[in-house]
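To be precise, the following lines are target_30.json, and they hold JSON, C-alpha atoms.
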```
[["chain", "number", "residue", "atom", "x", "y", "z"],
["C", 30, "MET", "CA", 98.37, -21.00, 11.33],
["C", 31, "LYS", "CA", 96.56, -19.00, 8.65],
["C", 32, "THR", "CA", 93.24, -20.45, 9.76],
["C", 33, "ALA", "CA", 93.97, -19.42, 13.34],
["C", 34, "ASN", "CA", 94.76, -15.86, 12.25],
["C", 35, "TYR", "CA", 91.58, -15.78, 10.24],
["C", 36, "THR", "CA", 89.42, -16.82, 13.19],
["C", 37, "GLU", "CA", 91.17, -14.36, 15.53],
["C", 38, "VAL", "CA", 90.41, -11.33, 13.38],
["C", 39, "ARG", "CA", 86.82, -10.52, 14.25],
["C", 40, "GLN", "CA", 86.82, -6.78, 13.59],
["C", 41, "PHE", "CA", 88.67, -4.11, 11.66],
["C", 42, "VAL", "CA", 89.56, -0.51, 12.48],
["C", 43, "PHE", "CA", 89.28, 2.30, 9.94],
["C", 44, "GLN", "CA", 92.19, 4.70, 9.70],
["C", 45, "GLY", "CA", 89.80, 7.15, 8.06],
["C", 46, "PHE", "CA", 90.93, 10.73, 7.65],
["C", 47, "SER", "CA", 93.48, 10.69, 10.47],
["C", 48, "THR", "CA", 96.02, 12.59, 8.35],
["C", 49, "PHE", "CA", 93.53, 15.48, 8.26],
["C", 50, "GLN", "CA", 93.00, 15.50, 12.01],
["C", 51, "GLU", "CA", 92.74, 19.28, 12.35],
["C", 52, "HIS", "CA", 90.22, 19.51, 9.50],
["C", 53, "GLN", "CA", 87.87, 16.67, 10.50],
["C", 54, "LEU", "CA", 85.06, 18.94, 11.71],
["C", 55, "THR", "CA", 85.23, 20.91, 8.43],
["C", 56, "LEU", "CA", 85.16, 17.66, 6.44],
["C", 57, "PHE", "CA", 82.18, 16.48, 8.49],
["C", 58, "VAL", "CA", 80.19, 19.63, 7.68],
["C", 59, "VAL", "CA", 81.12, 19.52, 3.98],
["C", 60, "PHE", "CA", 80.35, 15.79, 3.56],
["C", 61, "LEU", "CA", 77.11, 16.05, 5.57],
["C", 62, "THR", "CA", 75.95, 18.95, 3.38],
["C", 63, "LEU", "CA", 76.76, 17.04, 0.18],
["C", 64, "TYR", "CA", 75.04, 13.93, 1.55],
["C", 65, "ILE", "CA", 71.85, 15.83, 2.40],
["C", 66, "LEU", "CA", 71.87, 17.43, -1.06],
["C", 67, "THR", "CA", 72.36, 14.01, -2.68],
["C", 68, "LEU", "CA", 69.49, 12.40, -0.76],
["C", 69, "THR", "CA", 67.19, 15.37, -1.31],
["C", 70, "GLY", "CA", 67.99, 15.60, -5.02],
["C", 71, "ASN", "CA", 67.52, 11.89, -5.69],
["C", 72, "VAL", "CA", 64.26, 11.73, -3.69],
["C", 73, "ILE", "CA", 62.92, 14.73, -5.63],
["C", 74, "ILE", "CA", 63.84, 13.14, -8.97],
["C", 75, "VAL", "CA", 62.18, 9.80, -8.14],
["C", 76, "THR", "CA", 59.09, 11.55, -6.77],
["C", 77, "ILE", "CA", 58.73, 13.86, -9.77],
["C", 78, "ILE", "CA", 59.13, 10.98, -12.22],
["C", 79, "CYS", "CA", 56.49, 8.94, -10.39],
["C", 80, "ILE", "CA", 53.99, 11.82, -10.16],
["C", 81, "ASP", "CA", 54.31, 13.52, -13.57],
["C", 82, "TYR", "CA", 53.00, 11.39, -16.43],
["C", 83, "HIS", "CA", 55.03, 13.43, -18.95],
["C", 84, "LEU", "CA", 58.11, 11.67, -17.54],
["C", 85, "HIS", "CA", 56.67, 8.17, -17.81],
["C", 86, "THR", "CA", 59.14, 7.21, -20.54],
["C", 87, "PRO", "CA", 61.95, 4.61, -20.64],
["C", 88, "MET", "CA", 64.61, 7.33, -20.28],
["C", 89, "TYR", "CA", 63.16, 8.62, -17.01],
["C", 90, "PHE", "CA", 62.26, 5.14, -15.79],
["C", 91, "PHE", "CA", 65.96, 4.22, -15.92],
["C", 92, "LEU", "CA", 66.82, 7.58, -14.35],
["C", 93, "SER", "CA", 64.53, 6.82, -11.41],
["C", 94, "VAL", "CA", 66.16, 3.40, -10.98],
["C", 95, "LEU", "CA", 69.60, 5.05, -11.09],
["C", 96, "SER", "CA", 68.54, 7.66, -8.51],
["C", 97, "THR", "CA", 67.21, 4.94, -6.20],
["C", 98, "SER", "CA", 70.42, 2.94, -6.57],
["C", 99, "GLU", "CA", 72.56, 6.04, -5.95],
["C", 100, "THR", "CA", 70.58, 6.78, -2.78],
["C", 101, "PHE", "CA", 71.26, 3.35, -1.30],
["C", 102, "TYR", "CA", 74.85, 3.46, -2.57],
["C", 103, "SER", "CA", 75.44, 6.64, -0.55],
["C", 104, "LEU", "CA", 73.62, 5.18, 2.45],
["C", 105, "VAL", "CA", 76.03, 2.25, 2.58],
["C", 106, "ILE", "CA", 79.15, 4.45, 2.89],
["C", 107, "ILE", "CA", 78.54, 8.01, 4.04],
["C", 108, "PRO", "CA", 76.72, 7.68, 7.42],
["C", 109, "ARG", "CA", 79.52, 5.51, 8.86],
["C", 110, "MET", "CA", 82.13, 7.82, 7.36],
["C", 111, "LEU", "CA", 80.44, 10.81, 9.01],
["C", 112, "SER", "CA", 80.32, 9.06, 12.37],
["C", 113, "SER", "CA", 84.03, 8.26, 12.18],
["C", 114, "LEU", "CA", 84.82, 11.93, 11.46],
["C", 115, "VAL", "CA", 83.33, 12.91, 14.84],
["C", 116, "GLY", "CA", 84.98, 9.96, 16.61],
["C", 117, "LEU", "CA", 81.84, 7.88, 17.21],
["C", 118, "SER", "CA", 82.83, 4.65, 15.44],
["C", 119, "GLN", "CA", 86.23, 3.73, 14.02],
["C", 120, "SER", "CA", 85.76, -0.05, 14.12],
["C", 121, "ILE", "CA", 83.59, -2.51, 12.20],
["C", 122, "SER", "CA", 82.96, -6.21, 12.70],
["C", 123, "LEU", "CA", 84.11, -8.81, 10.19],
["C", 124, "GLU", "CA", 80.47, -9.48, 9.26],
["C", 125, "GLY", "CA", 79.68, -5.76, 9.06],
["C", 126, "CYS", "CA", 82.65, -5.18, 6.77],
["C", 127, "GLY", "CA", 81.58, -8.02, 4.50],
["C", 128, "THR", "CA", 78.04, -6.66, 4.36],
["C", 129, "GLN", "CA", 79.27, -3.14, 3.56],
["C", 130, "LEU", "CA", 81.54, -4.44, 0.78],
["C", 131, "PHE", "CA", 78.73, -6.54, -0.70],
["C", 132, "PHE", "CA", 76.21, -3.69, -0.86],
["C", 133, "PHE", "CA", 78.79, -1.10, -1.91],
["C", 134, "LEU", "CA", 79.98, -3.21, -4.85],
["C", 135, "GLY", "CA", 76.42, -4.32, -5.67],
["C", 136, "PHE", "CA", 75.11, -0.78, -6.06],
["C", 137, "ALA", "CA", 78.34, 0.47, -7.67],
["C", 138, "ILE", "CA", 78.28, -2.22, -10.38],
["C", 139, "THR", "CA", 74.53, -1.76, -10.85],
["C", 140, "ASN", "CA", 75.09, 1.98, -11.45],
["C", 141, "CYS", "CA", 77.79, 1.28, -14.05],
["C", 142, "LEU", "CA", 75.55, -1.15, -15.92],
["C", 143, "LEU", "CA", 72.53, 1.16, -15.63],
["C", 144, "LEU", "CA", 74.47, 3.96, -17.31],
["C", 145, "ALA", "CA", 75.19, 1.58, -20.19],
["C", 146, "VAL", "CA", 71.49, 0.69, -20.46],
["C", 147, "MET", "CA", 70.62, 4.40, -20.47],
["C", 148, "GLY", "CA", 73.14, 4.86, -23.28],
["C", 149, "TYR", "CA", 71.42, 2.10, -25.23],
["C", 150, "ASP", "CA", 68.08, 3.84, -24.68],
["C", 151, "ARG", "CA", 69.51, 7.07, -26.14],
["C", 152, "TYR", "CA", 70.97, 5.12, -29.08],
["C", 153, "VAL", "CA", 67.60, 3.56, -29.95],
["C", 154, "ALA", "CA", 65.75, 6.86, -29.51],
["C", 155, "ILE", "CA", 68.10, 8.77, -31.83],
["C", 156, "CYS", "CA", 69.28, 6.14, -34.31],
["C", 157, "ASN", "CA", 66.06, 4.15, -34.62],
["C", 158, "PRO", "CA", 63.25, 6.54, -33.58],
["C", 159, "LEU", "CA", 60.48, 4.91, -35.65],
["C", 160, "HIS", "CA", 60.84, 1.62, -33.78],
["C", 161, "TYR", "CA", 61.69, 3.14, -30.38],
["C", 162, "SER", "CA", 58.34, 2.40, -28.71],
["C", 163, "ILE", "CA", 58.48, -1.21, -29.93],
["C", 164, "ILE", "CA", 62.11, -1.90, -28.98],
["C", 165, "MET", "CA", 61.99, -0.08, -25.64],
["C", 166, "ASN", "CA", 58.58, -1.24, -24.44],
["C", 167, "TRP", "CA", 57.85, -1.48, -20.71],
["C", 168, "ARG", "CA", 58.48, -5.21, -20.55],
["C", 169, "VAL", "CA", 61.95, -4.76, -22.07],
["C", 170, "CYS", "CA", 62.68, -1.89, -19.66],
["C", 171, "ALA", "CA", 61.68, -4.00, -16.65],
["C", 172, "VAL", "CA", 63.79, -6.94, -17.84],
["C", 173, "LEU", "CA", 66.82, -4.70, -18.46],
["C", 174, "ALA", "CA", 66.54, -3.02, -15.05],
["C", 175, "SER", "CA", 66.10, -6.28, -13.14],
["C", 176, "SER", "CA", 68.89, -7.99, -15.11],
["C", 177, "VAL", "CA", 71.28, -5.13, -14.35],
["C", 178, "CYS", "CA", 70.51, -5.34, -10.61],
["C", 179, "ALA", "CA", 70.83, -9.13, -10.56],
["C", 180, "THR", "CA", 74.16, -8.99, -12.41],
["C", 181, "GLY", "CA", 75.51, -6.27, -10.15],
["C", 182, "PHE", "CA", 74.76, -8.10, -6.93],
["C", 183, "SER", "CA", 75.84, -11.49, -8.31],
["C", 184, "LEU", "CA", 79.29, -10.11, -9.18],
["C", 185, "SER", "CA", 79.38, -8.33, -5.82],
["C", 186, "LEU", "CA", 78.61, -11.55, -3.94],
["C", 187, "LEU", "CA", 81.32, -13.39, -5.88],
["C", 188, "GLN", "CA", 83.92, -10.72, -5.02],
["C", 189, "ALA", "CA", 82.91, -10.47, -1.35],
["C", 190, "VAL", "CA", 82.97, -14.25, -0.80],
["C", 191, "ALA", "CA", 86.39, -14.53, -2.49],
["C", 192, "ILE", "CA", 87.86, -11.82, -0.24],
["C", 193, "PHE", "CA", 86.37, -13.00, 3.05],
["C", 194, "ARG", "CA", 87.54, -16.56, 2.49],
["C", 195, "LEU", "CA", 91.09, -15.22, 2.87],
["C", 196, "PRO", "CA", 92.93, -15.31, 6.23],
["C", 197, "PHE", "CA", 93.49, -11.79, 7.63],
["C", 198, "CYS", "CA", 96.65, -10.94, 9.55],
["C", 199, "LYS", "CA", 96.09, -7.19, 10.03],
["C", 200, "THR", "CA", 93.11, -5.23, 11.32],
["C", 201, "LEU", "CA", 93.85, -1.60, 10.34],
["C", 202, "ILE", "CA", 92.01, -0.60, 7.16],
["C", 203, "GLU", "CA", 93.86, 2.36, 5.63],
["C", 204, "HIS", "CA", 90.63, 3.75, 4.27],
["C", 205, "PHE", "CA", 87.25, 5.07, 5.45],
["C", 206, "PHE", "CA", 85.18, 2.09, 4.30],
["C", 207, "CYS", "CA", 85.57, -1.57, 3.33],
["C", 208, "ASP", "CA", 86.80, -1.49, -0.27],
["C", 209, "VAL", "CA", 88.45, -4.22, -2.31],
["C", 210, "ARG", "CA", 92.10, -3.14, -2.36],
["C", 211, "PRO", "CA", 92.37, -2.02, 1.29],
["C", 212, "LEU", "CA", 90.90, -5.37, 2.38],
["C", 213, "LEU", "CA", 93.21, -7.41, 0.16],
["C", 214, "ASP", "CA", 96.13, -5.54, 1.78],
["C", 215, "LEU", "CA", 95.08, -6.99, 5.16],
["C", 216, "ALA", "CA", 95.20, -10.61, 3.99],
["C", 217, "CYS", "CA", 98.07, -12.83, 5.13],
["C", 218, "ALA", "CA", 98.54, -13.72, 1.47],
["C", 219, "THR", "CA", 96.58, -12.91, -1.66],
["C", 220, "PRO", "CA", 96.35, -15.83, -4.11],
["C", 221, "ILE", "CA", 96.73, -14.89, -7.77],
["C", 222, "ILE", "CA", 93.15, -16.09, -8.33],
["C", 223, "ASN", "CA", 91.88, -13.16, -6.23],
["C", 224, "ASP", "CA", 93.77, -10.64, -8.36],
["C", 225, "ILE", "CA", 92.46, -12.30, -11.52],
["C", 226, "LEU", "CA", 88.88, -12.30, -10.18],
["C", 227, "THR", "CA", 89.12, -8.62, -9.22],
["C", 228, "LEU", "CA", 90.42, -7.80, -12.71],
["C", 229, "ILE", "CA", 87.66, -9.81, -14.43],
["C", 230, "ILE", "CA", 84.92, -8.16, -12.36],
["C", 231, "SER", "CA", 86.42, -4.71, -13.05],
["C", 232, "LEU", "CA", 86.47, -5.47, -16.78],
["C", 233, "LEU", "CA", 82.85, -6.66, -16.71],
["C", 234, "ALA", "CA", 81.63, -3.76, -14.55],
["C", 235, "ILE", "CA", 83.67, -0.89, -16.01],
["C", 236, "THR", "CA", 85.47, -1.67, -19.28],
["C", 237, "ALA", "CA", 82.68, -3.62, -21.00],
["C", 238, "PRO", "CA", 79.88, -1.07, -20.40],
["C", 239, "ALA", "CA", 82.27, 1.84, -21.08],
["C", 240, "THR", "CA", 83.23, 0.29, -24.44],
["C", 241, "PHE", "CA", 79.55, -0.29, -25.23],
["C", 242, "LEU", "CA", 78.80, 3.36, -24.39],
["C", 243, "PHE", "CA", 81.68, 4.58, -26.54],
["C", 244, "ILE", "CA", 80.38, 2.65, -29.56],
["C", 245, "SER", "CA", 76.82, 3.84, -28.86],
["C", 246, "TYR", "CA", 77.88, 7.48, -28.77],
["C", 247, "VAL", "CA", 79.94, 7.13, -31.95],
["C", 248, "LEU", "CA", 76.79, 5.90, -33.71],
["C", 249, "ILE", "CA", 74.67, 8.58, -32.01],
["C", 250, "SER", "CA", 77.12, 11.31, -33.10],
["C", 251, "SER", "CA", 77.11, 9.98, -36.65],
["C", 252, "THR", "CA", 73.31, 10.13, -36.72],
["C", 253, "ILE", "CA", 73.18, 13.63, -35.21],
["C", 254, "LEU", "CA", 75.65, 14.96, -37.81],
["C", 255, "LYS", "CA", 73.28, 13.80, -40.55],
["C", 256, "ILE", "CA", 70.48, 16.04, -39.25],
["C", 257, "ALA", "CA", 70.04, 18.90, -41.71],
["C", 258, "SER", "CA", 69.33, 21.83, -39.38],
["C", 259, "ALA", "CA", 71.79, 23.14, -36.80],
["C", 260, "GLU", "CA", 68.90, 23.65, -34.38],
["C", 261, "GLY", "CA", 67.84, 20.02, -34.80],
["C", 262, "ARG", "CA", 71.40, 18.80, -34.15],
["C", 263, "LYS", "CA", 71.66, 20.96, -31.05],
["C", 264, "LYS", "CA", 68.30, 19.82, -29.66],
["C", 265, "THR", "CA", 69.04, 16.15, -30.25],
["C", 266, "PHE", "CA", 72.50, 16.33, -28.70],
["C", 267, "ALA", "CA", 71.02, 18.15, -25.68],
["C", 268, "THR", "CA", 69.07, 14.99, -24.82],
["C", 269, "CYS", "CA", 72.40, 13.15, -24.38],
["C", 270, "ILE", "CA", 74.61, 15.72, -22.68],
["C", 271, "SER", "CA", 73.36, 15.10, -19.12],
["C", 272, "HIS", "CA", 73.89, 11.37, -19.43],
["C", 273, "LEU", "CA", 77.27, 11.84, -21.09],
["C", 274, "THR", "CA", 78.47, 14.13, -18.28],
["C", 275, "VAL", "CA", 77.59, 11.58, -15.58],
["C", 276, "VAL", "CA", 79.14, 8.77, -17.64],
["C", 277, "ILE", "CA", 82.51, 10.53, -18.06],
["C", 278, "VAL", "CA", 82.88, 11.35, -14.37],
["C", 279, "HIS", "CA", 81.54, 7.99, -13.15],
["C", 280, "TYR", "CA", 83.65, 5.73, -15.36],
["C", 281, "GLY", "CA", 86.67, 8.02, -15.10],
["C", 282, "CYS", "CA", 86.78, 7.78, -11.29],
["C", 283, "ALA", "CA", 86.05, 4.04, -11.29],
["C", 284, "SER", "CA", 88.80, 3.36, -13.84],
["C", 285, "ILE", "CA", 91.39, 5.30, -11.85],
["C", 286, "ALA", "CA", 90.38, 3.56, -8.63],
["C", 287, "TYR", "CA", 90.36, -0.03, -9.88],
["C", 288, "PHE", "CA", 92.85, -0.09, -12.75],
["C", 289, "LYS", "CA", 95.63, 2.00, -11.23],
["C", 290, "PRO", "CA", 98.77, -0.13, -10.61],
["C", 291, "LYS", "CA", 99.32, -1.03, -6.94],
["C", 292, "SER", "CA", 102.79, 0.51, -7.06],
["C", 293, "GLU", "CA", 101.19, 3.91, -7.65],
["C", 294, "ASN", "CA", 98.93, 3.70, -4.61],
["C", 295, "THR", "CA", 99.21, 6.36, -1.94],
["C", 296, "LYS", "CA", 96.71, 6.57, 0.89],
["C", 297, "ASP", "CA", 95.88, 10.25, 0.37],
["C", 298, "GLN", "CA", 95.38, 9.82, -3.40],
["C", 299, "ASP", "CA", 93.19, 6.76, -2.89],
["C", 300, "GLN", "CA", 91.06, 8.60, -0.34],
["C", 301, "LEU", "CA", 90.63, 11.59, -2.66],
["C", 302, "ILE", "CA", 89.55, 9.32, -5.52],
["C", 303, "SER", "CA", 87.22, 7.40, -3.19],
["C", 304, "VAL", "CA", 85.63, 10.62, -1.89],
["C", 305, "THR", "CA", 84.96, 11.58, -5.51],
["C", 306, "TYR", "CA", 83.10, 8.39, -6.40],
["C", 307, "THR", "CA", 81.32, 7.92, -3.05],
["C", 308, "VAL", "CA", 80.37, 11.53, -2.25],
["C", 309, "ILE", "CA", 80.68, 13.71, -5.37],
["C", 310, "THR", "CA", 79.51, 11.33, -8.12],
["C", 311, "PRO", "CA", 76.15, 10.46, -6.45],
["C", 312, "LEU", "CA", 75.45, 14.20, -6.25],
["C", 313, "LEU", "CA", 76.06, 14.61, -10.00],
["C", 314, "ASN", "CA", 72.98, 12.60, -10.87],
["C", 315, "PRO", "CA", 70.37, 14.90, -9.26],
["C", 316, "VAL", "CA", 72.32, 18.09, -10.06],
["C", 317, "VAL", "CA", 72.89, 17.32, -13.75],
["C", 318, "TYR", "CA", 69.47, 15.81, -14.39],
["C", 319, "SER", "CA", 67.50, 18.39, -12.40],
["C", 320, "LEU", "CA", 69.33, 21.70, -12.85],
["C", 321, "ARG", "CA", 70.33, 21.10, -16.49],
["C", 322, "ASN", "CA", 67.31, 19.12, -17.68],
["C", 323, "LYS", "CA", 64.41, 21.26, -18.93],
["C", 324, "GLU", "CA", 61.87, 18.41, -18.87],
["C", 325, "VAL", "CA", 62.54, 17.69, -15.19],
["C", 326, "GLN", "CA", 62.44, 21.41, -14.39],
["C", 327, "ASP", "CA", 59.09, 21.76, -16.17],
["C", 328, "ALA", "CA", 57.73, 18.70, -14.36],
["C", 329, "LEU", "CA", 58.86, 20.13, -11.03],
["C", 330, "ARG", "CA", 57.06, 23.42, -11.79],
["C", 331, "ARG", "CA", 53.88, 21.52, -12.71],
["C", 332, "VAL", "CA", 53.95, 19.49, -9.49],
["C", 333, "VAL", "CA", 54.70, 22.54, -7.33],
["C", 334, "GLY", "CA", 52.01, 24.49, -9.19],
["C", 335, "ARG", "CA", 49.38, 21.80, -8.57],
["C", 336, "LYS", "CA", 50.20, 21.72, -4.86],
["C", 337, "SER", "CA", 50.07, 25.50, -4.66],
["C", 338, "PHE", "CA", 46.53, 25.57, -6.04],
["C", 339, "SER", "CA", 45.25, 22.51, -4.18]]
```

Output the structure of this file as structure tokens.
Amino acid sequence: MKTANYTEVRQFVFQGFSTFQEHQLTLFVVFLTLYILTLTGNVIIVTIICIDYHLHTPMYFFLSVLSTSETFYSLVIIPRMLSSLVGLSQSISLEGCGTQLFFFLGFAITNCLLLAVMGYDRYVAICNPLHYSIIMNWRVCAVLASSVCATGFSLSLLQAVAIFRLPFCKTLIEHFFCDVRPLLDLACATPIINDILTLIISLLAITAPATFLFISYVLISSTILKIASAEGRKKTFATCISHLTVVIVHYGCASIAYFKPKSENTKDQDQLISVTYTVITPLLNPVVYSLRNKEVQDALRRVVGRKSFS
């Protein structure tokens, strides 16, 4: 009987923002604006880093990878969400839902791991500056970036396959995209192994890198406090503040979303949290690293200046 139900469910329907029916046009305009800003900001960052040789360092290499990942991460979720807000598409096929979940989780996990790698880069630069160029050479950077991407999409594939092997008895997704918990709620039954797998992947993707970052920043802070001059301490800490801001918001939202007990779930709360990590968080990267980062600002002025005189 479960197999029959599984084969009968060939598409799902998003409930989306139906509780905000009268505000859907406003939400569309706001989300579209944020999406355009996110895409524009990330494209500018990647372009500037590629063009300006002053930014050809490990720190900005990882930033360009993060910006690229954030761009595709947004692309997986927001266009379909925008179309549902104007009533164009409320349904998604079983295969389409599986594909969306796979890419969403792949880029999301990759971003979490990339932030940890960027924290390691800051740790080496501040705590071991004399050996920085040797430890963080371009071969190591390429291996770290490719390993992070491979790990992210391997864990994503494992999670997606485990979920879509389940028989589904309901078709209404009480969400605006295919996420783990809303999909598990549609299954006829959720074996304990699925809950365990979800927990393990969450620990590997969120808790492990967050713990690594915490230890890294404890060591970084200890090193900064040993700097004799107040100006030197301030300048060194300034190189970390942008990354630290993104880390706090990113891991904070992810932890609330995936570690909150099921009994505390409410649809409106879940949607608000999801909007934060699918719409707001991707915008943080270009805003924090472009508007608050002097090196990127200087690089942007140099590029614009060259084009003005060419």

Checklist entry - Got a sec: who's within 9 Å of Ala137 of chain C, counting only C-alpha atoms, leaving out chain neighbours fewer than 2 positions off, as a PyMOL selection string? => result chain C and resi 98-99+102+132-135+139-142+181+234

Go ahead and save the picked residues with C-alpha atoms, as a tab-separated table (two decimals), in the coordinates of the input.
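After the write, again_14.tsv holds the following:
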```tsv
chain	number	residue	atom	x	y	z
C	98	SER	CA	70.42	2.94	-6.57
C	99	GLU	CA	72.56	6.04	-5.95
C	102	TYR	CA	74.85	3.46	-2.57
C	132	PHE	CA	76.21	-3.69	-0.86
C	133	PHE	CA	78.79	-1.10	-1.91
C	134	LEU	CA	79.98	-3.21	-4.85
C	135	GLY	CA	76.42	-4.32	-5.67
C	139	THR	CA	74.53	-1.76	-10.85
C	140	ASN	CA	75.09	1.98	-11.45
C	141	CYS	CA	77.79	1.28	-14.05
C	142	LEU	CA	75.55	-1.15	-15.92
C	181	GLY	CA	75.51	-6.27	-10.15
C	234	ALA	CA	81.63	-3.76	-14.55
```

Checklist entry - Quick one: of C:Cys207, C:Ala191, C:Ala154, C:Leu301, who's nearest to Gly127 of chain C, counting only C-alpha atoms? => result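 Checking each of C:Cys207, C:Ala191, C:Ala154, C:Leu301 against Gly127 of chain C, counting only C-alpha atoms, the winner is C:Cys207.
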
Next on the checklist: Using all atoms listed in the file, which protein or nucleic acid residues come within 9 Å of segment 164-175 of chain C? Drop anything in the same chain fewer than 2 positions from it, and give the result as an MDAnalysis selection string.
Outcome noted: chainID C and resid 86:87 90:91 94 143 146 150 153:154 160:162 177:180

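The residue set within 8 Å of Thr97 of chain C, counting all atoms listed in the file and dropping same-chain residues fewer than 6 places from it, reads Asn71, Val72 and Val75 of chain C.
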
Checklist entry - Which residue, C:Phe60, C:Phe243, C:Val325, C:Val278, has the smallest gap to Arg109 of chain C when you use only C-alpha atoms? => result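 Ranked by minimum distance to Arg109 of chain C, first place goes to C:Phe60.
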
So that each row is one residue of segment 118-229 of chain C with an atom at most 10 Å from segment 251-263 of chain C, can you give its shortest atom pair and the distance in Å to one decimal, using all atoms listed in the file, rows by chain and rising number, as a Markdown table?
```
| residue | atom | partner | partner_atom | distance |
| --- | --- | --- | --- | --- |
| C:Tyr152 | CA | C:Thr252 | CA | 9.4 |
| C:Ile155 | CA | C:Thr252 | CA | 7.3 |
| C:Cys156 | CA | C:Thr252 | CA | 6.2 |
| C:Asn157 | CA | C:Thr252 | CA | 9.6 |
```

Item to check | Distance query Ser231 of chain C at most 10 Å, only C-alpha atoms, self and fewer than 5 positions along chain excluded, as an MDAnalysis selection string | outcome: chainID C and resid 138 184 225:226 236:237 283:284 287:288

Closest atom pairs, segment 126-207 of chain C residues within 10 Å of segment 211-218 of chain C, all atoms listed in the file, as JSON lines:
```
{"residue": "C:Cys126", "atom": "CA", "partner": "C:Leu212", "partner_atom": "CA", "distance": 9.3}
{"residue": "C:Gly127", "atom": "CA", "partner": "C:Leu212", "partner_atom": "CA", "distance": 9.9}
{"residue": "C:Leu130", "atom": "CA", "partner": "C:Leu212", "partner_atom": "CA", "distance": 9.5}
{"residue": "C:Ile192", "atom": "CA", "partner": "C:Leu213", "partner_atom": "CA", "distance": 6.9}
{"residue": "C:Phe193", "atom": "CA", "partner": "C:Leu212", "partner_atom": "CA", "distance": 8.9}
{"residue": "C:Arg194", "atom": "CA", "partner": "C:Ala216", "partner_atom": "CA", "distance": 9.8}
{"residue": "C:Leu195", "atom": "CA", "partner": "C:Ala216", "partner_atom": "CA", "distance": 6.3}
{"residue": "C:Pro196", "atom": "CA", "partner": "C:Ala216", "partner_atom": "CA", "distance": 5.7}
{"residue": "C:Phe197", "atom": "CA", "partner": "C:Ala216", "partner_atom": "CA", "distance": 4.2}
{"residue": "C:Cys198", "atom": "CA", "partner": "C:Cys217", "partner_atom": "CA", "distance": 5.0}
{"residue": "C:Lys199", "atom": "CA", "partner": "C:Leu215", "partner_atom": "CA", "distance": 5.0}
{"residue": "C:Thr200", "atom": "CA", "partner": "C:Leu215", "partner_atom": "CA", "distance": 6.7}
{"residue": "C:Leu201", "atom": "CA", "partner": "C:Leu215", "partner_atom": "CA", "distance": 7.6}
{"residue": "C:Ile202", "atom": "CA", "partner": "C:Pro211", "partner_atom": "CA", "distance": 6.1}
{"residue": "C:Glu203", "atom": "CA", "partner": "C:Pro211", "partner_atom": "CA", "distance": 6.3}
{"residue": "C:His204", "atom": "CA", "partner": "C:Pro211", "partner_atom": "CA", "distance": 6.7}
{"residue": "C:Phe205", "atom": "CA", "partner": "C:Pro211", "partner_atom": "CA", "distance": 9.7}
{"residue": "C:Phe206", "atom": "CA", "partner": "C:Pro211", "partner_atom": "CA", "distance": 8.8}
{"residue": "C:Cys207", "atom": "CA", "partner": "C:Leu212", "partner_atom": "CA", "distance": 6.6}
```

Any chance you could export the current selection's C-alpha atoms as a short mmCIF file (atom, residue, chain, number, x, y, z; two decimals), in the coordinates of the input?
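Dumped everything to out.cif:
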```cif
data_model
loop_
_atom_site.label_atom_id
_atom_site.label_comp_id
_atom_site.auth_asym_id
_atom_site.auth_seq_id
_atom_site.Cartn_x
_atom_site.Cartn_y
_atom_site.Cartn_z
CA CYS C 126 82.65 -5.18 6.77
CA GLY C 127 81.58 -8.02 4.50
CA LEU C 130 81.54 -4.44 0.78
CA ILE C 192 87.86 -11.82 -0.24
CA PHE C 193 86.37 -13.00 3.05
CA ARG C 194 87.54 -16.56 2.49
CA LEU C 195 91.09 -15.22 2.87
CA PRO C 196 92.93 -15.31 6.23
CA PHE C 197 93.49 -11.79 7.63
CA CYS C 198 96.65 -10.94 9.55
CA LYS C 199 96.09 -7.19 10.03
CA THR C 200 93.11 -5.23 11.32
CA LEU C 201 93.85 -1.60 10.34
CA ILE C 202 92.01 -0.60 7.16
CA GLU C 203 93.86 2.36 5.63
CA HIS C 204 90.63 3.75 4.27
CA PHE C 205 87.25 5.07 5.45
CA PHE C 206 85.18 2.09 4.30
CA CYS C 207 85.57 -1.57 3.33
#
```

Item to check | Computed interatomic separation between atom CA of Phe266 of chain C and atom CA of Ile163 of chain C (Å) | outcome: 22.5 Å

Checklist entry - Which is closer to Ser271 of chain C than all the others in C:Val209, C:Val42, C:Val316, C:Cys79, using only C-alpha atoms? => result C:Val316

Checklist entry - Interatomic distance between atom CA of Ser185 of chain C and atom CA of Phe131 of chain C? => result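 These atoms are spaced 5.5 Å apart.
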
Checklist entry - From the set C:Ala286, C:Val308, C:Ile121, C:Leu186, which residue has the shortest atom-to-atom contact distance to Phe57 of chain C, counting all atoms listed in the file? => result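 Counting all atoms listed in the file, the residue closest to Phe57 of chain C is C:Val308.
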
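For Tyr64 of chain C, the list of residues within 10 Å, based on only C-alpha atoms and with local chain neighbours fewer than 4 positions off taken out, reads C:Val58, C:Val59, C:Phe60, C:Leu68, C:Thr69, C:Gly70, C:Thr100, C:Ser103, C:Leu104, C:Ile107, C:Pro108, C:Leu111, C:Thr307, C:Val308, C:Ile309, C:Pro311, C:Leu312.
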
Just C-alpha atoms for this one: save the residues we selected as a compact mmCIF listing (two decimals), in the frame of the given file.
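Listing of selection02.txt after writing:
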```txt
# COMPACT_ATOMS: atom_id res chain seq x y z
CA VAL C 58 80.19 19.63 7.68
CA VAL C 59 81.12 19.52 3.98
CA PHE C 60 80.35 15.79 3.56
CA LEU C 68 69.49 12.40 -0.76
CA THR C 69 67.19 15.37 -1.31
CA GLY C 70 67.99 15.60 -5.02
CA THR C 100 70.58 6.78 -2.78
CA SER C 103 75.44 6.64 -0.55
CA LEU C 104 73.62 5.18 2.45
CA ILE C 107 78.54 8.01 4.04
CA PRO C 108 76.72 7.68 7.42
CA LEU C 111 80.44 10.81 9.01
CA THR C 307 81.32 7.92 -3.05
CA VAL C 308 80.37 11.53 -2.25
CA ILE C 309 80.68 13.71 -5.37
CA PRO C 311 76.15 10.46 -6.45
CA LEU C 312 75.45 14.20 -6.25
```
